[in-house]
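Dumped target-v8.pdb below, it's PDB, C-alpha atoms and all ligand atoms:
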```
ATOM      1  CA  MET O   1     -55.209 -57.124  12.610
ATOM      2  CA  THR O   2     -53.598 -53.807  12.117
ATOM      3  CA  ASN O   3     -51.028 -54.681  14.759
ATOM      4  CA  LEU O   4     -50.352 -58.009  13.193
ATOM      5  CA  LEU O   5     -49.866 -56.402   9.788
ATOM      6  CA  ASN O   6     -47.533 -53.867  11.314
ATOM      7  CA  PHE O   7     -45.647 -56.636  13.041
ATOM      8  CA  LYS O   8     -45.399 -58.572   9.793
ATOM      9  CA  GLY O   9     -44.298 -55.400   8.064
ATOM     10  CA  ARG O  10     -41.554 -54.881  10.621
ATOM     11  CA  VAL O  11     -40.378 -58.462  10.226
ATOM     12  CA  TYR O  12     -40.346 -58.131   6.452
ATOM     13  CA  ARG O  13     -38.419 -54.887   6.740
ATOM     14  CA  ARG O  14     -35.928 -56.472   9.067
ATOM     15  CA  VAL O  15     -35.444 -59.403   6.739
ATOM     16  CA  ALA O  16     -35.101 -57.037   3.817
ATOM     17  CA  TYR O  17     -32.502 -54.976   5.700
ATOM     18  CA  ALA O  18     -30.605 -58.125   6.630
ATOM     19  CA  ILE O  19     -30.568 -59.268   3.008
ATOM     20  CA  ALA O  20     -29.523 -55.805   1.848
ATOM     21  CA  ALA O  21     -26.746 -55.679   4.448
ATOM     22  CA  LEU O  22     -25.591 -59.144   3.467
ATOM     23  CA  ALA O  23     -25.614 -58.181  -0.196
ATOM     24  CA  LEU O  24     -23.598 -55.096   0.653
ATOM     25  CA  VAL O  25     -20.997 -57.110   2.553
ATOM     26  CA  VAL O  26     -20.793 -59.757  -0.157
ATOM     27  CA  GLY O  27     -20.762 -57.038  -2.796
ATOM     28  CA  ILE O  28     -17.805 -55.288  -1.182
ATOM     29  CA  ASN O  29     -15.961 -58.540  -0.683
ATOM     30  CA  VAL O  30     -16.615 -59.674  -4.223
ATOM     31  CA  ALA O  31     -15.292 -56.365  -5.495
ATOM     32  CA  THR O  32     -12.194 -56.783  -3.352
ATOM     33  CA  ALA O  33     -11.293 -60.395  -3.860
ATOM     34  CA  GLN O  34     -13.668 -62.255  -6.188
ATOM     35  CA  PRO O  35     -12.974 -65.704  -4.760
ATOM     36  CA  SER O  36     -14.955 -68.828  -5.534
ATOM     37  CA  GLN O  37     -17.463 -70.076  -2.946
ATOM     38  CA  ALA O  38     -15.062 -72.748  -1.710
ATOM     39  CA  GLY O  39     -12.383 -70.068  -1.464
ATOM     40  CA  TRP O  40     -14.651 -67.883   0.623
ATOM     41  CA  LEU O  41     -15.378 -70.700   3.039
ATOM     42  CA  ASP O  42     -11.667 -71.310   3.432
ATOM     43  CA  LEU O  43     -10.994 -67.615   4.022
ATOM     44  CA  LEU O  44     -13.810 -67.323   6.564
ATOM     45  CA  ILE O  45     -12.694 -70.409   8.491
ATOM     46  CA  ASN O  46      -9.063 -69.377   8.611
ATOM     47  CA  GLY O  47      -9.727 -65.671   9.126
ATOM     48  CA  VAL O  48      -7.317 -64.837   6.314
ATOM     49  CA  ARG O  49      -7.335 -61.287   5.010
ATOM     50  CA  VAL O  50      -6.869 -61.095   1.292
ATOM     51  CA  TYR O  51      -5.944 -58.044  -0.767
ATOM     52  CA  GLN O  52      -6.404 -57.507  -4.441
ATOM     53  CA  LEU O  53      -3.262 -55.701  -5.565
ATOM     54  CA  SER O  54      -4.809 -54.103  -8.617
ATOM     55  CA  ASN O  55      -7.193 -51.899  -6.665
ATOM     56  CA  MET O  56      -5.814 -51.534  -3.159
ATOM     57  CA  SER O  57      -7.645 -48.932  -1.089
ATOM     58  CA  ASP O  58      -5.882 -46.279   0.997
ATOM     59  CA  SER O  59      -6.945 -48.007   4.224
ATOM     60  CA  GLN O  60      -5.560 -51.343   3.000
ATOM     61  CA  GLU O  61      -2.289 -49.626   2.081
ATOM     62  CA  VAL O  62      -2.082 -47.978   5.512
ATOM     63  CA  ASP O  63      -2.803 -51.352   7.127
ATOM     64  CA  LEU O  64       0.003 -53.015   5.154
ATOM     65  CA  GLY O  65       2.378 -50.149   6.014
ATOM     66  CA  GLY O  66       1.600 -50.770   9.688
ATOM     67  CA  GLY O  67       2.205 -54.514   9.283
ATOM     68  CA  ILE O  68       5.539 -53.892   7.552
ATOM     69  CA  ASN O  69       6.507 -51.426  10.290
ATOM     70  CA  ARG O  70       5.813 -54.012  12.996
ATOM     71  CA  GLN O  71       7.759 -56.680  11.131
ATOM     72  CA  LEU O  72      10.753 -54.386  10.565
ATOM     73  CA  ILE O  73      10.870 -53.617  14.296
ATOM     74  CA  GLU O  74      10.009 -57.060  15.693
ATOM     75  CA  SER O  75      12.510 -58.827  13.426
ATOM     76  CA  GLY O  76      15.210 -56.464  14.650
ATOM     77  CA  GLN O  77      15.930 -55.178  11.153
ATOM     78  CA  ILE O  78      15.497 -51.628  12.392
ATOM     79  CA  ARG O  79      15.660 -50.110  15.850
ATOM     80  CA  ILE O  80      13.539 -47.045  16.528
ATOM     81  CA  HIS O  81      15.384 -44.175  18.209
ATOM     82  CA  GLU O  82      13.359 -43.401  21.330
ATOM     83  CA  ASN O  83      13.667 -39.702  22.022
ATOM     84  CA  SER O  84      10.301 -38.048  22.279
ATOM     85  CA  SER O  85      11.410 -34.480  21.598
ATOM     86  CA  LEU O  86      13.538 -35.503  18.608
ATOM     87  CA  ASN O  87      10.671 -37.664  17.298
ATOM     88  CA  ALA O  88       8.256 -34.775  17.726
ATOM     89  CA  TYR O  89      10.655 -32.533  15.794
ATOM     90  CA  VAL O  90      10.880 -34.944  12.823
ATOM     91  CA  ASP O  91       7.148 -35.637  12.944
ATOM     92  CA  ASP O  92       6.432 -31.906  12.842
ATOM     93  CA  ILE O  93       8.592 -31.425   9.729
ATOM     94  CA  GLY O  94       7.052 -34.528   8.125
ATOM     95  CA  GLN O  95       3.425 -33.587   8.818
ATOM     96  CA  THR O  96       4.026 -30.072   7.457
ATOM     97  CA  LEU O  97       5.406 -31.521   4.224
ATOM     98  CA  ALA O  98       2.713 -34.230   4.005
ATOM     99  CA  ASP O  99      -0.009 -31.575   4.293
ATOM    100  CA  VAL O 100       1.269 -29.821   1.157
ATOM    101  CA  SER O 101       2.194 -33.050  -0.657
ATOM    102  CA  ASP O 102       0.322 -34.603  -3.578
ATOM    103  CA  ARG O 103      -1.183 -37.116  -1.162
ATOM    104  CA  PRO O 104      -2.272 -35.302   1.992
ATOM    105  CA  ASP O 105      -5.327 -37.464   2.732
ATOM    106  CA  ILE O 106      -3.722 -40.483   4.461
ATOM    107  CA  PRO O 107      -2.155 -40.581   7.936
ATOM    108  CA  TYR O 108       1.653 -40.294   7.989
ATOM    109  CA  THR O 109       4.043 -41.852  10.494
ATOM    110  CA  PHE O 110       7.582 -40.484  10.706
ATOM    111  CA  GLN O 111      10.145 -42.415  12.713
ATOM    112  CA  ILE O 112      13.847 -42.115  13.503
ATOM    113  CA  VAL O 113      15.924 -45.255  13.009
ATOM    114  CA  GLU O 114      18.910 -45.816  15.277
ATOM    115  CA  ASP O 115      21.665 -46.153  12.684
ATOM    116  CA  ASP O 116      24.908 -44.259  12.024
ATOM    117  CA  ALA O 117      24.552 -44.913   8.297
ATOM    118  CA  VAL O 118      23.145 -41.977   6.340
ATOM    119  CA  ASN O 119      19.837 -43.364   5.151
ATOM    120  CA  ALA O 120      16.134 -42.745   4.697
ATOM    121  CA  PHE O 121      13.373 -44.852   3.247
ATOM    122  CA  ALA O 122       9.624 -45.133   2.921
ATOM    123  CA  THR O 123       7.375 -48.160   2.694
ATOM    124  CA  MET O 124       3.692 -47.533   2.016
ATOM    125  CA  GLY O 125       0.614 -46.062   3.589
ATOM    126  CA  GLY O 126       2.489 -43.079   5.025
ATOM    127  CA  TYR O 127       5.388 -44.814   6.807
ATOM    128  CA  VAL O 128       8.655 -42.844   6.505
ATOM    129  CA  TYR O 129      12.004 -43.492   8.227
ATOM    130  CA  VAL O 130      15.160 -41.391   8.623
ATOM    131  CA  THR O 131      18.316 -42.547  10.400
ATOM    132  CA  THR O 132      20.099 -40.776  13.238
ATOM    133  CA  GLY O 133      23.149 -40.780  10.938
ATOM    134  CA  LEU O 134      21.266 -38.838   8.281
ATOM    135  CA  MET O 135      19.964 -36.312  10.793
ATOM    136  CA  ALA O 136      23.506 -35.754  12.071
ATOM    137  CA  ALA O 137      24.827 -35.382   8.506
ATOM    138  CA  ALA O 138      22.347 -32.626   7.600
ATOM    139  CA  ASP O 139      23.516 -29.074   8.223
ATOM    140  CA  ASN O 140      20.109 -27.519   8.675
ATOM    141  CA  GLU O 141      16.378 -28.253   8.750
ATOM    142  CA  ALA O 142      15.917 -27.523   5.039
ATOM    143  CA  GLU O 143      18.369 -30.309   4.159
ATOM    144  CA  LEU O 144      16.494 -32.781   6.377
ATOM    145  CA  ALA O 145      13.160 -31.575   4.962
ATOM    146  CA  GLY O 146      14.428 -32.291   1.435
ATOM    147  CA  VAL O 147      15.039 -35.936   2.313
ATOM    148  CA  ILE O 148      11.704 -36.326   4.091
ATOM    149  CA  GLY O 149       9.945 -34.653   1.156
ATOM    150  CA  HIS O 150      11.630 -37.115  -1.212
ATOM    151  CA  GLU O 151      10.395 -40.082   0.851
ATOM    152  CA  ILE O 152       6.844 -38.663   0.980
ATOM    153  CA  GLY O 153       7.168 -38.476  -2.811
ATOM    154  CA  HIS O 154       7.620 -42.260  -2.923
ATOM    155  CA  ILE O 155       4.437 -42.690  -0.870
ATOM    156  CA  ALA O 156       2.489 -40.192  -2.974
ATOM    157  CA  GLY O 157       3.623 -42.028  -6.121
ATOM    158  CA  ARG O 158       2.657 -45.401  -4.558
ATOM    159  CA  HIS O 159       6.051 -46.708  -5.637
ATOM    160  CA  ALA O 160       6.292 -49.479  -3.016
ATOM    161  CA  VAL O 161       2.779 -50.667  -3.864
ATOM    162  CA  GLN O 162       3.796 -51.001  -7.506
ATOM    163  CA  GLN O 163       6.986 -52.821  -6.507
ATOM    164  CA  MET O 164       4.934 -55.119  -4.295
ATOM    165  CA  ARG O 165       2.537 -55.866  -7.135
ATOM    166  CA  GLN O 166       5.456 -56.656  -9.440
ATOM    167  CA  ALA O 167       7.107 -58.905  -6.832
ATOM    168  CA  ALA O 168       3.846 -60.781  -6.211
ATOM    169  CA  ILE O 169       3.415 -61.385  -9.946
ATOM    170  CA  THR O 170       7.060 -62.485 -10.309
ATOM    171  CA  GLN O 171       6.702 -64.876  -7.391
ATOM    172  CA  GLY O 172       3.477 -66.206  -8.881
ATOM    173  CA  ILE O 173       1.421 -65.698  -5.742
ATOM    174  CA  THR O 174      -1.411 -63.609  -7.137
ATOM    175  CA  GLY O 175      -4.604 -65.451  -7.937
ATOM    176  CA  ALA O 176      -8.327 -65.002  -8.268
ATOM    177  CA  LEU O 177      -8.490 -64.857  -4.474
ATOM    178  CA  GLY O 178      -5.984 -62.042  -4.267
ATOM    179  CA  VAL O 179      -2.971 -62.236  -1.976
ATOM    180  CA  ASN O 180      -2.821 -63.160   1.701
ATOM    181  CA  ARG O 181      -1.989 -60.132   3.859
ATOM    182  CA  ASP O 182       0.905 -61.878   5.652
ATOM    183  CA  ARG O 183       2.586 -62.613   2.355
ATOM    184  CA  LEU O 184       2.214 -59.000   1.287
ATOM    185  CA  VAL O 185       3.727 -57.801   4.571
ATOM    186  CA  ASN O 186       6.701 -60.136   3.977
ATOM    187  CA  ILE O 187       7.184 -58.833   0.450
ATOM    188  CA  GLY O 188       6.830 -55.234   1.633
ATOM    189  CA  THR O 189       9.459 -55.773   4.338
ATOM    190  CA  GLN O 190      11.910 -57.214   1.795
ATOM    191  CA  ILE O 191      11.266 -54.342  -0.595
ATOM    192  CA  ALA O 192      11.758 -51.744   2.147
ATOM    193  CA  LEU O 193      15.308 -52.775   2.883
ATOM    194  CA  GLN O 194      16.553 -54.523  -0.230
ATOM    195  CA  LEU O 195      14.891 -53.625  -3.472
ATOM    196  CA  PRO O 196      16.097 -50.371  -4.995
ATOM    197  CA  ALA O 197      13.531 -48.013  -6.450
ATOM    198  CA  SER O 198      13.576 -47.497 -10.196
ATOM    199  CA  ARG O 199      15.359 -44.554 -11.745
ATOM    200  CA  SER O 200      12.110 -42.909 -12.801
ATOM    201  CA  ASP O 201      10.675 -43.353  -9.282
ATOM    202  CA  GLU O 202      13.729 -41.595  -7.841
ATOM    203  CA  TYR O 203      13.369 -38.656 -10.209
ATOM    204  CA  GLU O 204       9.655 -38.423  -9.442
ATOM    205  CA  ALA O 205      10.335 -38.480  -5.684
ATOM    206  CA  ASP O 206      13.028 -35.802  -6.117
ATOM    207  CA  ARG O 207      10.664 -33.494  -7.978
ATOM    208  CA  HIS O 208       7.878 -34.142  -5.516
ATOM    209  CA  GLY O 209      10.131 -33.448  -2.537
ATOM    210  CA  PHE O 210      11.441 -30.279  -4.135
ATOM    211  CA  HIS O 211       7.978 -28.827  -4.799
ATOM    212  CA  SER O 212       6.601 -29.854  -1.385
ATOM    213  CA  MET O 213       9.542 -28.104   0.257
ATOM    214  CA  GLY O 214       8.768 -24.895  -1.573
ATOM    215  CA  ARG O 215       5.064 -25.049  -0.734
ATOM    216  CA  ALA O 216       5.966 -25.553   2.942
ATOM    217  CA  GLY O 217       8.196 -22.460   2.766
ATOM    218  CA  TYR O 218      11.545 -24.256   2.996
ATOM    219  CA  ASP O 219      14.588 -23.025   1.120
ATOM    220  CA  GLN O 220      14.627 -25.552  -1.735
ATOM    221  CA  THR O 221      18.382 -25.202  -2.229
ATOM    222  CA  GLY O 222      18.695 -27.348   0.905
ATOM    223  CA  MET O 223      17.709 -30.426  -1.081
ATOM    224  CA  VAL O 224      20.388 -29.772  -3.687
ATOM    225  CA  SER O 225      23.119 -28.888  -1.205
ATOM    226  CA  PHE O 226      22.565 -32.004   0.889
ATOM    227  CA  MET O 227      22.676 -34.316  -2.123
ATOM    228  CA  GLN O 228      25.769 -32.574  -3.462
ATOM    229  CA  LYS O 229      27.506 -32.971  -0.132
ATOM    230  CA  LEU O 230      26.655 -36.678   0.120
ATOM    231  CA  VAL O 231      27.793 -37.399  -3.421
ATOM    232  CA  ARG O 232      31.029 -35.509  -2.739
ATOM    233  CA  GLU O 233      31.632 -37.363   0.510
ATOM    234  CA  GLY O 234      30.869 -40.722  -1.092
ATOM    235  CA  SER O 235      28.254 -41.741   1.472
ATOM    236  CA  PRO O 236      25.074 -41.742  -0.568
ATOM    237  CA  PRO O 237      21.932 -42.854   1.256
ATOM    238  CA  GLU O 238      18.982 -44.751  -0.234
ATOM    239  CA  PHE O 239      17.695 -41.733  -2.038
ATOM    240  CA  LEU O 240      21.001 -41.451  -3.919
ATOM    241  CA  SER O 241      22.678 -44.835  -3.711
ATOM    242  CA  THR O 242      20.353 -46.979  -5.754
ATOM    243  CA  HIS O 243      21.527 -45.607  -9.065
ATOM    244  CA  PRO O 244      24.843 -44.727 -10.587
ATOM    245  CA  ASP O 245      23.432 -41.474 -11.914
ATOM    246  CA  ALA O 246      23.370 -39.660  -8.579
ATOM    247  CA  ARG O 247      25.277 -36.786 -10.181
ATOM    248  CA  ASN O 248      22.636 -36.494 -12.889
ATOM    249  CA  ARG O 249      19.955 -36.309 -10.259
ATOM    250  CA  VAL O 250      21.838 -33.553  -8.481
ATOM    251  CA  ASN O 251      22.147 -31.727 -11.812
ATOM    252  CA  SER O 252      18.443 -32.029 -12.555
ATOM    253  CA  LEU O 253      17.608 -30.801  -9.046
ATOM    254  CA  GLN O 254      19.944 -27.873  -9.612
ATOM    255  CA  GLU O 255      18.055 -27.048 -12.794
ATOM    256  CA  LEU O 256      14.750 -27.256 -10.919
ATOM    257  CA  ASP O 257      16.172 -24.981  -8.244
ATOM    258  CA  THR O 258      17.367 -22.412 -10.783
ATOM    259  CA  GLU O 259      14.148 -22.369 -12.790
ATOM    260  CA  ASN O 260      11.330 -23.229 -10.393
ATOM    261  CA  ALA O 261      12.363 -22.299  -6.866
ATOM    262  CA  ILE O 262       9.816 -20.254  -4.941
ATOM    263  CA  PRO O 263      11.700 -17.019  -4.148
ATOM    264  CA  ASP O 264      10.161 -16.353  -0.735
ATOM    265  CA  ALA O 265      10.634 -19.935   0.461
ATOM    266  CA  THR O 266      13.571 -19.324   2.766
ATOM    267  CA  LEU O 267      12.872 -21.344   5.921
ATOM    268  CA  GLY O 268      15.134 -23.928   7.518
ATOM    269  CA  THR O 269      18.583 -22.504   6.813
ATOM    270  CA  ASN O 270      19.568 -21.604  10.375
ATOM    271  CA  ALA O 271      22.338 -24.108  11.141
ATOM    272  CA  ALA O 272      22.616 -23.125  14.820
ATOM    273  CA  ALA O 273      18.871 -23.627  15.381
ATOM    274  CA  TYR O 274      19.096 -27.068  13.746
ATOM    275  CA  ASP O 275      22.139 -27.963  15.855
ATOM    276  CA  SER O 276      20.253 -27.213  19.043
ATOM    277  CA  GLN O 277      17.244 -29.278  17.854
ATOM    278  CA  ILE O 278      19.377 -32.342  17.264
ATOM    279  CA  SER O 279      21.951 -31.716  20.022
ATOM    280  CA  SER O 280      21.323 -35.182  21.482
ATOM    281  CA  LEU O 281      22.801 -36.685  18.289
ATOM    282  CA  ARG O 282      25.935 -34.544  18.211
TER     283      ARG O 282
HETATM  284 ZN    ZN O 301      14.132 -42.616  -3.121
END
```
Mind converting the file's structure to structure tokens?
Ligand SMILES: [Zn+2]
Amino acid sequence: MTNLLNFKGRVYRRVAYAIAALALVVGINVATAQPSQAGWLDLLINGVRVYQLSNMSDSQEVDLGGGINRQLIESGQIRIHENSSLNAYVDDIGQTLADVSDRPDIPYTFQIVEDDAVNAFATMGGYVYVTTGLMAAADNEAELAGVIGHEIGHIAGRHAVQQMRQAAITQGITGALGVNRDRLVNIGTQIALQLPASRSDEYEADRHGFHSMGRAGYDQTGMVSFMQKLVREGSPPEFLSTHPDARNRVNSLQELDTENAIPDATLGTNAAAYDSQISSLR
């Protein structure tokens, strides 16, 4: 009798756990997507992953960043520069800056794009890209760090996520079910290469990059000098080209540098050391 009761108790507990687990799963899903029952059936049958843009989690953002990265590479829109020591060098600079950024708690992926054009961009979920042309155009590590810091600033500010949300609303593809992951990856890929960031996003990324540089010990003047040089030479990359007020941005960075630079942040100014790091690009 006792055994039977125990057995029944165990069964009840198991059933209760199963119901609790089911409620938990449904609860999470409902919080994420809130679809109707018919919608759920459809999603389950087709294995479609659906994201709610209004409250995207970090792991969802990282997942989308990975999907966009794959699509950029597989579609041939970017070609990754395969040089392990050069990649390790850029990754090292990037991870150092990410650690002291306003968003240090997601994984970051820094990649070099094979392209003579001077350019850099970020998507979402920690994915940052710099071109071989930009690396060759920088005179020292501090200048490169300024650009990478700027791009991390876009990720920290979730600028691409906001752009994605706006694009999804404009295209009328958001609904009670949320948005299909594949569609989001497509939008994110378009945004990465085509849609310019807003003026306020650029200023925010500039400020973020500037302060991260200082916290990492880099000479913050490097950010100003590189932008000045690119404006002067008329070859502005993404982080300058999207707006006609590049000169104003340089001016505001100069002001930041004069008033807020960390005095003992002096790293990254050795041009010869930088040259030897990127000798394969020279
Ligand atoms: Zn930018």
Open item on the list: Which residues are near ligand ZN 301 (chain O) - at most 12 Å, using all atoms listed in the file? Format: as number ranges by chain.
Closed with: O: 119-123, 128-130, 146-160, 192-193, 195-209, 227, 236-243, 246, 249
TODO: Select, from O:Glu259, O:Asn248, O:Ala168, O:Leu281, the residue with the minimum atom-to-atom distance to Val185 of chain O, counting all atoms listed in the file.
DONE: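 Once distances to Val185 of chain O are computed over all atoms listed in the file, the minimum belongs to O:Ala168.
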- [ ] Please provide as number ranges by chain all residues within 10 Å of Arg183 of chain O, with the sequence filter that same-chain residues fewer than 4 positions apart are discarded (counting only C-alpha atoms).
- [x] O: 50, 168, 173, 179, 187-189
Task: Gln277 of chain O environment, 8 Å, all atoms listed in the file, sequence neighbours closer than 2 positions dropped, as a ChimeraX atom specification - done: /O:86,89,273-275,279
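Pairwise distance (atom CA of Ser59 of chain O, atom CA of Asp105 of chain O) equals 10.8 Å.
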Open item on the list: For a test of reading the model, state the distance in Å between atom CA of Leu267 of chain O and atom CA of Asp139 of chain O, rounded to one decimal.
Closed with: 13.4 Å
- [ ] Select, from O:Val113, O:Met164, O:Ile169, O:Met124, the residue with the minimum atom-to-atom distance to Gln190 of chain O, counting all atoms listed in the file.
- [x] O:Met164
Open item on the list: Measuring between all atoms listed in the file, which one of O:Leu144, O:Ile106, O:Gln194, O:Arg282 shows the shortest distance to Asp92 of chain O?
Closed with: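 Closest to Asp92 of chain O, using all atoms listed in the file: O:Leu144.
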Task: Å distance separating atom CA of Ala265 of chain O from atom CA of Tyr127 of chain O, one decimal place - done: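 Interatomic distance, atom CA of Ala265 of chain O to atom CA of Tyr127 of chain O: 26.2 Å.
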- [ ] Decode the PyMOL selection byres (((chain O and resi 54) around 10) and not hetatm) for the given file into explicit residues and return them as a list in words.
- [x] Thr32, Tyr51, Gln52, Leu53, Asn55, Met56, Ser57, Val161, Gln162, Arg165 and Gly178 of chain O
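Distances to Ile262 of chain O were evaluated for O:Ala216, O:Ile93, O:Val231, O:Ile278 using all atoms listed in the file, and the minimum falls at O:Ala216.
Minimum atom-to-atom distances from O:Glu61, O:Asp219, O:Glu114, O:Glu233 to Gln77 of chain O were compared using only C-alpha atoms, and the lowest value belongs to O:Glu114.
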Open item on the list: What's around Val100 of chain O at 7 Å? Count only C-alpha atoms, leave out sequence neighbours fewer than 2 positions away in its own chain, and write the answer as a list in words.
Closed with: Thr96, Leu97, Ala98, Asp102, Pro104, Ser212, Arg215 and Ala216 of chain O
TODO: Rank nothing, just name the residue among O:Asn180, O:His81, O:Arg49, O:Ala88 nearest to Gly133 of chain O, using only C-alpha atoms.
DONE: O:His81
